[in-house]
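K.L.:
Structure: structure.pdb, PDB, C-alpha atoms.
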ATOM      1  CA  MET A 642     -11.806 -33.742  -2.562
ATOM      2  CA  THR A 643     -12.687 -35.637   0.587
ATOM      3  CA  ARG A 644     -10.404 -35.548   3.561
ATOM      4  CA  SER A 645     -10.870 -36.026   7.242
ATOM      5  CA  LEU A 646      -8.986 -33.820   9.615
ATOM      6  CA  ALA A 647      -8.317 -34.445  13.277
ATOM      7  CA  ALA A 648      -6.497 -32.643  16.054
ATOM      8  CA  GLY A 649      -2.785 -33.322  15.897
ATOM      9  CA  ASP A 650      -2.672 -33.880  12.150
ATOM     10  CA  VAL A 651       0.465 -32.411  10.594
ATOM     11  CA  LEU A 652      -0.130 -30.982   7.130
ATOM     12  CA  PRO A 653       2.430 -31.134   4.295
ATOM     13  CA  GLU A 654       5.031 -28.389   4.586
ATOM     14  CA  ARG A 655       5.919 -25.930   1.837
ATOM     15  CA  ALA A 656       9.064 -23.901   1.214
ATOM     16  CA  PHE A 657       9.277 -20.402  -0.293
ATOM     17  CA  GLY A 658      12.474 -18.854  -1.583
ATOM     18  CA  PRO A 659      15.325 -18.135  -1.594
ATOM     19  CA  LEU A 660      13.709 -14.713  -1.165
ATOM     20  CA  THR A 661      15.151 -11.854  -3.175
ATOM     21  CA  ARG A 662      15.171  -8.092  -2.798
ATOM     22  CA  THR A 663      12.831  -8.091  -5.783
ATOM     23  CA  ASP A 664      10.353 -10.169  -3.760
ATOM     24  CA  PHE A 665      10.465  -7.498  -1.032
ATOM     25  CA  VAL A 666       9.977  -4.641  -3.502
ATOM     26  CA  ARG A 667       7.185  -6.432  -5.311
ATOM     27  CA  TYR A 668       5.357  -6.970  -2.028
ATOM     28  CA  GLN A 669       5.897  -3.366  -0.987
ATOM     29  CA  GLY A 670       4.359  -2.166  -4.238
ATOM     30  CA  ALA A 671       1.414  -4.527  -3.869
ATOM     31  CA  SER A 672       0.781  -3.669  -0.224
ATOM     32  CA  GLY A 673       1.487   0.064  -0.091
ATOM     33  CA  ASP A 674       4.071  -0.206   2.705
ATOM     34  CA  PHE A 675       7.031   1.770   1.325
ATOM     35  CA  ASN A 676       9.239   1.797   4.406
ATOM     36  CA  PRO A 677      12.731   2.286   2.866
ATOM     37  CA  ILE A 678      14.312  -0.081   5.398
ATOM     38  CA  HIS A 679      13.085  -2.949   3.172
ATOM     39  CA  HIS A 680      14.636  -1.758  -0.127
ATOM     40  CA  ASP A 681      17.126   1.088   0.452
ATOM     41  CA  GLU A 682      20.531  -0.373   1.326
ATOM     42  CA  GLY A 683      21.953   2.934   2.568
ATOM     43  CA  PHE A 684      18.928   3.650   4.720
ATOM     44  CA  ALA A 685      18.993   0.171   6.281
ATOM     45  CA  GLN A 686      22.708   0.466   7.064
ATOM     46  CA  SER A 687      22.297   3.939   8.560
ATOM     47  CA  ALA A 688      19.700   2.406  10.888
ATOM     48  CA  GLY A 689      22.308  -0.150  12.021
ATOM     49  CA  PHE A 690      21.276  -3.165   9.928
ATOM     50  CA  PRO A 691      23.717  -5.108   7.718
ATOM     51  CA  THR A 692      21.362  -4.851   4.736
ATOM     52  CA  VAL A 693      17.687  -4.559   3.887
ATOM     53  CA  PHE A 694      15.290  -7.073   5.410
ATOM     54  CA  SER A 695      11.883  -8.405   4.454
ATOM     55  CA  VAL A 696       8.507  -6.897   5.278
ATOM     56  CA  GLY A 697       6.896  -8.880   8.088
ATOM     57  CA  MET A 698       3.619  -8.860   6.205
ATOM     58  CA  LEU A 699       5.321 -10.602   3.256
ATOM     59  CA  GLN A 700       6.096 -13.606   5.467
ATOM     60  CA  ALA A 701       2.505 -13.386   6.733
ATOM     61  CA  GLY A 702       1.240 -13.317   3.152
ATOM     62  CA  LEU A 703       3.297 -16.352   2.166
ATOM     63  CA  LEU A 704       1.917 -18.223   5.175
ATOM     64  CA  ALA A 705      -1.585 -17.193   4.100
ATOM     65  CA  THR A 706      -0.892 -18.533   0.592
ATOM     66  CA  TYR A 707       0.260 -21.833   2.114
ATOM     67  CA  CYS A 708      -3.111 -22.045   3.910
ATOM     68  CA  THR A 709      -5.428 -20.870   1.119
ATOM     69  CA  ASP A 710      -3.802 -23.232  -1.393
ATOM     70  CA  GLN A 711      -4.801 -26.118   0.889
ATOM     71  CA  PHE A 712      -8.220 -25.037   2.146
ATOM     72  CA  GLY A 713      -9.483 -22.655  -0.562
ATOM     73  CA  PRO A 714      -9.333 -18.837  -0.676
ATOM     74  CA  GLU A 715     -13.058 -18.410   0.007
ATOM     75  CA  ASN A 716     -12.954 -20.565   3.165
ATOM     76  CA  VAL A 717     -10.773 -18.357   5.380
ATOM     77  CA  ARG A 718     -12.512 -17.087   8.521
ATOM     78  CA  ARG A 719      -9.580 -15.986  10.681
ATOM     79  CA  PHE A 720      -5.851 -15.506  10.163
ATOM     80  CA  LYS A 721      -3.437 -14.287  12.820
ATOM     81  CA  VAL A 722       0.335 -13.896  12.908
ATOM     82  CA  GLN A 723       2.931 -12.922  15.470
ATOM     83  CA  PHE A 724       6.297 -11.748  14.160
ATOM     84  CA  ARG A 725       9.521 -13.174  15.625
ATOM     85  CA  GLU A 726      12.887 -13.121  13.794
ATOM     86  CA  GLN A 727      13.595 -10.837  10.868
ATOM     87  CA  VAL A 728      13.842 -12.368   7.387
ATOM     88  CA  TRP A 729      16.790 -11.510   5.128
ATOM     89  CA  PRO A 730      17.622 -11.731   1.414
ATOM     90  CA  ASP A 731      18.377 -15.341   0.339
ATOM     91  CA  ASP A 732      16.364 -16.793   3.219
ATOM     92  CA  VAL A 733      14.330 -19.914   2.505
ATOM     93  CA  LEU A 734      11.126 -20.015   4.543
ATOM     94  CA  THR A 735       9.279 -23.210   5.388
ATOM     95  CA  CYS A 736       5.589 -23.091   6.329
ATOM     96  CA  ARG A 737       4.069 -25.762   8.522
ATOM     97  CA  ALA A 738       0.574 -26.310   9.928
ATOM     98  CA  THR A 739      -0.833 -28.574  12.605
ATOM     99  CA  VAL A 740      -4.535 -29.106  13.191
ATOM    100  CA  ALA A 741      -5.370 -27.727  16.650
ATOM    101  CA  ARG A 742      -9.024 -28.798  16.557
ATOM    102  CA  VAL A 743     -12.000 -29.298  14.263
ATOM    103  CA  GLU A 744     -15.389 -28.062  15.406
ATOM    104  CA  ASP A 745     -18.579 -26.537  14.015
ATOM    105  CA  GLY A 746     -17.425 -26.911  10.418
ATOM    106  CA  LEU A 747     -14.150 -25.083  11.056
ATOM    107  CA  VAL A 748     -10.590 -26.352  11.163
ATOM    108  CA  HIS A 749      -8.327 -24.406  13.511
ATOM    109  CA  LEU A 750      -4.644 -24.495  12.588
ATOM    110  CA  ASP A 751      -1.444 -23.738  14.466
ATOM    111  CA  LEU A 752       1.065 -22.264  12.039
ATOM    112  CA  VAL A 753       4.794 -21.639  11.992
ATOM    113  CA  VAL A 754       7.278 -20.212   9.502
ATOM    114  CA  THR A 755      10.907 -21.172  10.028
ATOM    115  CA  ARG A 756      14.071 -19.876   8.383
ATOM    116  CA  GLN A 757      16.764 -22.159   6.952
ATOM    117  CA  THR A 758      18.737 -21.466  10.164
ATOM    118  CA  GLY A 759      15.999 -23.155  12.188
ATOM    119  CA  GLY A 760      14.962 -19.814  13.659
ATOM    120  CA  THR A 761      11.276 -18.954  13.864
ATOM    121  CA  ALA A 762      10.171 -16.049  11.678
ATOM    122  CA  VAL A 763       6.421 -16.152  12.308
ATOM    123  CA  VAL A 764       3.970 -18.092  14.415
ATOM    124  CA  GLY A 765       0.278 -17.965  13.645
ATOM    125  CA  GLU A 766      -3.203 -19.358  13.854
ATOM    126  CA  ALA A 767      -5.887 -19.716  11.215
ATOM    127  CA  SER A 768      -9.434 -20.937  10.942
ATOM    128  CA  PHE A 769     -10.961 -22.215   7.722
ATOM    129  CA  SER A 770     -14.442 -23.407   6.933
ATOM    130  CA  VAL A 771     -14.257 -27.068   5.945
ATOM    131  CA  SER A 772     -17.970 -27.794   5.701
ATOM    132  CA  SER A 773     -17.639 -27.779   1.894
ATOM    133  CA  VAL A 774     -14.437 -29.837   2.041
ATOM    134  CA  VAL A 775     -15.378 -32.510   4.542
ATOM    135  CA  GLY A 776     -18.999 -32.840   3.525
ATOM    136  CA  ASP A 777     -21.568 -34.086   6.068
TER     137      ASP A 777
ATOM    138  CA  MET B1491     -11.956   1.523  -0.080
ATOM    139  CA  ALA B1492     -12.880  -0.211  -3.309
ATOM    140  CA  VAL B1493     -11.785  -3.865  -3.496
ATOM    141  CA  GLU B1494     -10.312  -4.107  -7.000
ATOM    142  CA  ARG B1495      -9.665  -7.198  -9.107
ATOM    143  CA  GLY B1496      -6.299  -6.015 -10.437
ATOM    144  CA  LYS B1497      -5.095  -5.195  -6.942
ATOM    145  CA  VAL B1498      -6.151  -8.634  -5.699
ATOM    146  CA  ARG B1499      -4.241 -10.232  -8.576
ATOM    147  CA  GLU B1500      -1.145  -8.127  -7.888
ATOM    148  CA  PHE B1501      -1.265  -8.982  -4.188
ATOM    149  CA  ALA B1502      -1.787 -12.704  -4.839
ATOM    150  CA  ARG B1503       1.221 -12.753  -7.170
ATOM    151  CA  ALA B1504       3.358 -10.825  -4.668
ATOM    152  CA  THR B1505       2.551 -13.449  -2.023
ATOM    153  CA  LYS B1506       3.384 -16.259  -4.476
ATOM    154  CA  SER B1507      -0.116 -17.607  -4.950
ATOM    155  CA  ASP B1508      -1.154 -18.899  -8.332
ATOM    156  CA  ALA B1509      -4.630 -20.006  -7.220
ATOM    157  CA  ALA B1510      -7.149 -19.692 -10.059
ATOM    158  CA  GLU B1511      -9.651 -18.254  -7.566
ATOM    159  CA  TYR B1512      -7.439 -15.155  -7.241
ATOM    160  CA  LEU B1513      -6.094 -14.902 -10.777
ATOM    161  CA  GLU B1514      -8.994 -15.956 -12.988
ATOM    162  CA  ASP B1515     -12.248 -15.208 -11.138
ATOM    163  CA  PRO B1516     -13.765 -11.888 -12.319
ATOM    164  CA  GLN B1517     -14.784 -11.221  -8.690
ATOM    165  CA  PRO B1518     -12.012 -12.924  -6.716
ATOM    166  CA  PRO B1519     -12.073 -13.245  -2.934
ATOM    167  CA  ILE B1520      -9.326 -11.274  -1.214
ATOM    168  CA  PRO B1521      -6.235 -13.027   0.156
ATOM    169  CA  PRO B1522      -6.292 -13.243   3.999
ATOM    170  CA  THR B1523      -3.846 -10.345   4.531
ATOM    171  CA  PHE B1524      -5.042  -8.186   1.597
ATOM    172  CA  LEU B1525      -6.747  -5.544   3.729
ATOM    173  CA  THR B1526      -3.315  -4.180   4.618
ATOM    174  CA  THR B1527      -3.715  -2.386   1.256
ATOM    175  CA  SER B1528      -6.349  -0.135   2.833
ATOM    176  CA  THR B1529      -3.378   2.161   3.550
ATOM    177  CA  PHE B1530      -3.639   3.219  -0.123
ATOM    178  CA  TRP B1531      -7.088   4.655   0.711
ATOM    179  CA  GLN B1532      -6.193   6.331   3.987
ATOM    180  CA  PRO B1533      -6.557  10.078   4.228
ATOM    181  CA  PRO B1534      -3.196  11.788   4.909
ATOM    182  CA  GLU B1535      -4.271  12.709   8.431
ATOM    183  CA  ALA B1536      -4.440   8.995   9.386
ATOM    184  CA  ALA B1537      -0.676   9.143   9.980
ATOM    185  CA  GLU B1538      -1.442  11.649  12.721
ATOM    186  CA  LEU B1539      -2.611   8.781  14.931
ATOM    187  CA  TRP B1540       0.956   7.947  15.953
ATOM    188  CA  ARG B1541       1.756  11.576  16.764
ATOM    189  CA  VAL B1542      -1.438  11.986  18.791
ATOM    190  CA  ILE B1543      -0.560   9.015  21.011
ATOM    191  CA  ASP B1544       3.119  10.078  21.117
ATOM    192  CA  ILE B1545       4.767   7.084  19.416
ATOM    193  CA  ASP B1546       8.228   7.289  17.810
ATOM    194  CA  LEU B1547       7.953   5.690  14.358
ATOM    195  CA  ARG B1548      11.703   4.941  14.209
ATOM    196  CA  ARG B1549      11.318   2.503  17.121
ATOM    197  CA  LEU B1550       8.046   1.000  15.984
ATOM    198  CA  LEU B1551       7.840  -2.740  15.269
ATOM    199  CA  HIS B1552       4.934  -4.768  13.953
ATOM    200  CA  GLY B1553       4.202  -7.333  16.660
ATOM    201  CA  GLU B1554       1.002  -9.075  15.646
ATOM    202  CA  GLN B1555      -1.659  -8.888  12.956
ATOM    203  CA  GLU B1556      -5.031 -10.604  12.841
ATOM    204  CA  TYR B1557      -7.889 -10.650  10.326
ATOM    205  CA  VAL B1558     -11.349 -12.033  10.993
ATOM    206  CA  PHE B1559     -13.955 -12.632   8.262
ATOM    207  CA  PRO B1560     -17.273 -13.604   9.912
ATOM    208  CA  ASP B1561     -18.870 -14.761   6.619
ATOM    209  CA  GLY B1562     -15.776 -15.346   4.514
ATOM    210  CA  PRO B1563     -13.459 -12.930   2.736
ATOM    211  CA  PRO B1564     -14.909  -9.946   0.837
ATOM    212  CA  ARG B1565     -14.645 -10.003  -2.958
ATOM    213  CA  ALA B1566     -13.479  -7.635  -5.667
ATOM    214  CA  GLY B1567     -16.219  -5.206  -6.607
ATOM    215  CA  MET B1568     -17.177  -4.527  -3.016
ATOM    216  CA  GLN B1569     -17.020  -1.075  -1.522
ATOM    217  CA  LEU B1570     -15.833  -1.077   2.088
ATOM    218  CA  THR B1571     -15.520   1.631   4.668
ATOM    219  CA  ALA B1572     -12.644   1.241   7.133
ATOM    220  CA  GLN B1573     -12.658   2.783  10.569
ATOM    221  CA  THR B1574      -9.695   2.432  12.932
ATOM    222  CA  ARG B1575      -9.669   2.929  16.684
ATOM    223  CA  VAL B1576      -7.065   2.441  19.381
ATOM    224  CA  GLU B1577      -8.184  -0.509  21.499
ATOM    225  CA  SER B1578      -5.491  -0.413  24.148
ATOM    226  CA  VAL B1579      -2.075   0.992  25.006
ATOM    227  CA  PHE B1580       0.045  -0.748  27.633
ATOM    228  CA  GLU B1581       3.657  -1.084  28.715
ATOM    229  CA  LYS B1582       5.778  -4.144  29.431
ATOM    230  CA  GLU B1583       9.335  -4.395  30.667
ATOM    231  CA  GLY B1584      11.621  -5.463  27.796
ATOM    232  CA  LYS B1585      13.916  -8.483  28.162
ATOM    233  CA  ARG B1586      16.938  -6.249  27.670
ATOM    234  CA  GLY B1587      15.613  -3.500  29.929
ATOM    235  CA  GLY B1588      13.612  -0.453  29.024
ATOM    236  CA  ALA B1589       9.860  -0.266  28.810
ATOM    237  CA  MET B1590       8.177  -1.350  25.589
ATOM    238  CA  THR B1591       4.878   0.267  24.670
ATOM    239  CA  PHE B1592       2.228  -1.906  22.989
ATOM    240  CA  VAL B1593      -0.468  -0.241  20.912
ATOM    241  CA  VAL B1594      -3.409  -2.354  19.752
ATOM    242  CA  THR B1595      -5.559  -0.886  16.987
ATOM    243  CA  VAL B1596      -8.748  -2.358  15.557
ATOM    244  CA  THR B1597     -10.079  -1.593  12.088
ATOM    245  CA  ASP B1598     -13.661  -2.436  11.156
ATOM    246  CA  PHE B1599     -14.432  -2.966   7.458
ATOM    247  CA  ILE B1600     -18.113  -2.250   6.818
ATOM    248  CA  ASP B1601     -20.094  -2.814   3.600
ATOM    249  CA  PRO B1602     -22.687  -0.321   2.284
ATOM    250  CA  ASP B1603     -25.458  -2.171   4.182
ATOM    251  CA  GLY B1604     -23.637  -1.574   7.445
ATOM    252  CA  THR B1605     -22.536  -5.199   7.838
ATOM    253  CA  LEU B1606     -19.155  -5.868   9.427
ATOM    254  CA  VAL B1607     -17.438  -8.001   6.760
ATOM    255  CA  ALA B1608     -13.921  -7.980   8.185
ATOM    256  CA  GLN B1609     -12.041  -6.862  11.245
ATOM    257  CA  ALA B1610      -8.305  -6.289  11.544
ATOM    258  CA  ARG B1611      -6.432  -6.158  14.840
ATOM    259  CA  SER B1612      -2.856  -4.907  14.817
ATOM    260  CA  THR B1613      -0.314  -4.809  17.629
ATOM    261  CA  ALA B1614       2.526  -2.349  17.233
ATOM    262  CA  ILE B1615       5.451  -2.261  19.654
ATOM    263  CA  GLU B1616       7.519   0.812  20.420
ATOM    264  CA  THR B1617      10.839  -0.477  21.699
ATOM    265  CA  GLY B1618      12.734   0.917  24.680
ATOM    266  CA  ARG B1619      12.494   4.675  24.977
ATOM    267  CA  ALA B1620      15.681   6.515  25.863
ATOM    268  CA  PRO B1621      15.554   8.198  29.292
ATOM    269  CA  ALA B1622      14.092  11.685  28.988
TER     270      ALA B1622
END
Could you spell out this file's structure in structure tokens?
P.N.:
Amino acid sequence: MTRSLAAGDVLPERAFGPLTRTDFVRYQGASGDFNPIHHDEGFAQSAGFPTVFSVGMLQAGLLATYCTDQFGPENVRRFKVQFREQVWPDDVLTCRATVARVEDGLVHLDLVVTRQTGGTAVVGEASFSVSSVVGD
Amino acid sequence: MAVERGKVREFARATKSDAAEYLEDPQPPIPPTFLTTSTFWQPPEAAELWRVIDIDLRRLLHGEQEYVFPDGPPRAGMQLTAQTRVESVFEKEGKRGGAMTFVVTVTDFIDPDGTLVAQARSTAIETGRAPA
């Protein structure tokens, strides 16, 4: 695949969801984070929440999947997320990336995950090696 | 920690990836956030960190998470040693009043040759502490 990337390029977006409680539990099992606030309804309510909510690192992982599916799993060099709004059952998350700059064989991306409400769940940055993608 | 193929596959599926590189390769690269699974390999006393620096887990939020792979992601079959240190602890005034405490930890993932193959930086936030 040959593609040229330039600062300001907006990459195709991708939606995940609606997310289910099973998605949360599956991620918790895979990751080892068993905080009950993400799967135990009674626990979440006793902590003052209306129901269980997603694991931040699940949103981060979905954003990572969005990136690796475009640039290749072996090409990741840096991936950073900052958590904003919580994510709830039935949420649909949309991942978007903009090219911040391309230099020294790396593409640097600005990333955002939004909820169906328009609220921002995650913002992030990533760097991928594109020397094998772009050629030269 | 041992980077295991089955664990990589499980993690890739849980984060909704169906990339052949993760699911079919006998020595797949790890997904970008996979090293969060190092908690499975932590000794029980690792949880002591939060007590030692006097953080209340019930008010702890995950603020930021970063992974850096200087030469690309490690692959299944590799044996890594993880070492975590507290990089900084600082306070900021919360928007709704009350001081928030930020704790930045850094984990180095080292291969058997002593090469740094990955570094994780995590920012945890302890929200407003009730007056003593």
K.L.:
Per residue of chain A within 7 Å of chain B, note the shortest atom pair and the distance in Å to one decimal, counting only C-alpha atoms, and order the rows by chain and increasing residue number, as a tab-separated table.
P.N.:
residue	atom	partner	partner_atom	distance
A:Arg667	CA	B:Ala1504	CA	5.9
A:Tyr668	CA	B:Ala1504	CA	5.1
A:Ala671	CA	B:Phe1501	CA	5.2
A:Ser672	CA	B:Thr1527	CA	4.9
A:Gly673	CA	B:Thr1527	CA	5.9
A:Leu699	CA	B:Thr1505	CA	6.6
A:Gly702	CA	B:Thr1505	CA	5.3
A:Leu703	CA	B:Thr1505	CA	5.2
A:Ala705	CA	B:Pro1522	CA	6.1
A:Thr706	CA	B:Ser1507	CA	5.7
A:Asp710	CA	B:Ala1509	CA	6.7
A:Pro714	CA	B:Pro1519	CA	6.6
A:Glu715	CA	B:Pro1519	CA	6.0
A:Asn716	CA	B:Gly1562	CA	6.1
A:Val717	CA	B:Gly1562	CA	5.9
A:Arg718	CA	B:Phe1559	CA	4.7
A:Arg719	CA	B:Val1558	CA	4.3
A:Phe720	CA	B:Tyr1557	CA	5.3
A:Lys721	CA	B:Glu1556	CA	4.0
A:Val722	CA	B:Gln1555	CA	5.4
A:Gln723	CA	B:Glu1554	CA	4.3
A:Phe724	CA	B:Gly1553	CA	5.5
K.L.:
Please report the interatomic distance between atom CA of B:Phe1599 and atom CA of B:Thr1571 in Å with one decimal.
P.N.:
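Value for the atom CA of B:Phe1599-atom CA of B:Thr1571 distance: 5.5 Å.
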K.L.:
So how far away is atom CA of A:Asn676 from atom CA of B:Met1568, in Å?
P.N.:
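Answer for the atom CA of B:Met1568 to atom CA of A:Asn676 separation: 28.2 Å.
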K.L.:
Do you have the atom CA of A:Phe712-atom CA of B:Thr1595 distance handy?
P.N.:
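If I compute the distance from atom CA of A:Phe712 to atom CA of B:Thr1595, I get 28.5 Å.
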K.L.:
Written as a list in words, which residues does the PyMOL selection byres ((chain A and resi 693) around 9) give for the file shown?
P.N.:
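When the PyMOL selection byres ((chain A and resi 693) around 9) is applied, the selected residues are Arg662, Pro677, Ile678, His679, His680, Asp681, Glu682, Gly683, Phe684, Ala685, Gln686, Phe690, Pro691, Thr692, Phe694, Ser695, Trp729 and Pro730 of chain A.
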K.L.:
Go through the shown structure with the PyMOL selection byres ((chain A and resi 653) around 9) and write out the matching residues as a list of chain:residue names.
P.N.:
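Given this file, the PyMOL selection byres ((chain A and resi 653) around 9) evaluates to A:Val651, A:Leu652, A:Glu654, A:Arg655, A:Cys736, A:Arg737, A:Ala738.
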K.L.:
For stretch 741-751 of chain A, find every residue with an atom within 9 Å (counting all atoms listed in the file), except residues of its own chain fewer than 4 positions away, and show them as a ChimeraX atom specification.
P.N.:
/A:646-650,718-719,737,764-773,775
K.L.:
Hey, could you pull the box centre and edge lengths for stretch 751-760 of chain A, axis-aligned, 8 Å padding per side, all listed atoms, to one decimal in Å, as lines of an AutoDock Vina configuration file?
P.N.:
center_x = 8.6
center_y = -21.8
center_z = 10.7
size_x = 36.2
size_y = 19.9
size_z = 23.5
K.L.:
What would the selection look like, as a PyMOL selection string, if the PyMOL selection byres ((chain B and resi 1574) around 9) were run on the coordinates I just shared?
P.N.:
chain B and resi 1572-1573+1575-1576+1595-1598+1610
K.L.:
What does the file look like for those residues with C-alpha atoms, as a PDB file, keeping the file's coordinate frame?
P.N.:
ATOM      1  CA  ALA B1572     -12.644   1.241   7.133  1.00  0.00           C
ATOM      2  CA  GLN B1573     -12.658   2.783  10.569  1.00  0.00           C
ATOM      3  CA  ARG B1575      -9.669   2.929  16.684  1.00  0.00           C
ATOM      4  CA  VAL B1576      -7.065   2.441  19.381  1.00  0.00           C
ATOM      5  CA  THR B1595      -5.559  -0.886  16.987  1.00  0.00           C
ATOM      6  CA  VAL B1596      -8.748  -2.358  15.557  1.00  0.00           C
ATOM      7  CA  THR B1597     -10.079  -1.593  12.088  1.00  0.00           C
ATOM      8  CA  ASP B1598     -13.661  -2.436  11.156  1.00  0.00           C
ATOM      9  CA  ALA B1610      -8.305  -6.289  11.544  1.00  0.00           C
TER      10      ALA B1610
END
K.L.:
Of the candidates B:Gln1532, B:Gln1569, B:Gln1517, B:Thr1591, which shows the shortest atom-to-atom distance to B:Gly1618, using only C-alpha atoms?
P.N.:
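Of all the options, B:Thr1591 lies closest to B:Gly1618.
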K.L.:
Could you check the closest approach to A:Ala656 for each of A:Gln700, A:Gln669, A:Thr735, A:Gln757 and tell me which residue wins, using all atoms listed in the file?
P.N.:
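Ranked by minimum distance to A:Ala656, first place goes to A:Thr735.
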K.L.:
Please list as a count of residues only every residue within 12 Å of B:Glu1616, counting only C-alpha atoms and excluding residues in the same chain fewer than 4 positions away.
P.N.:
26
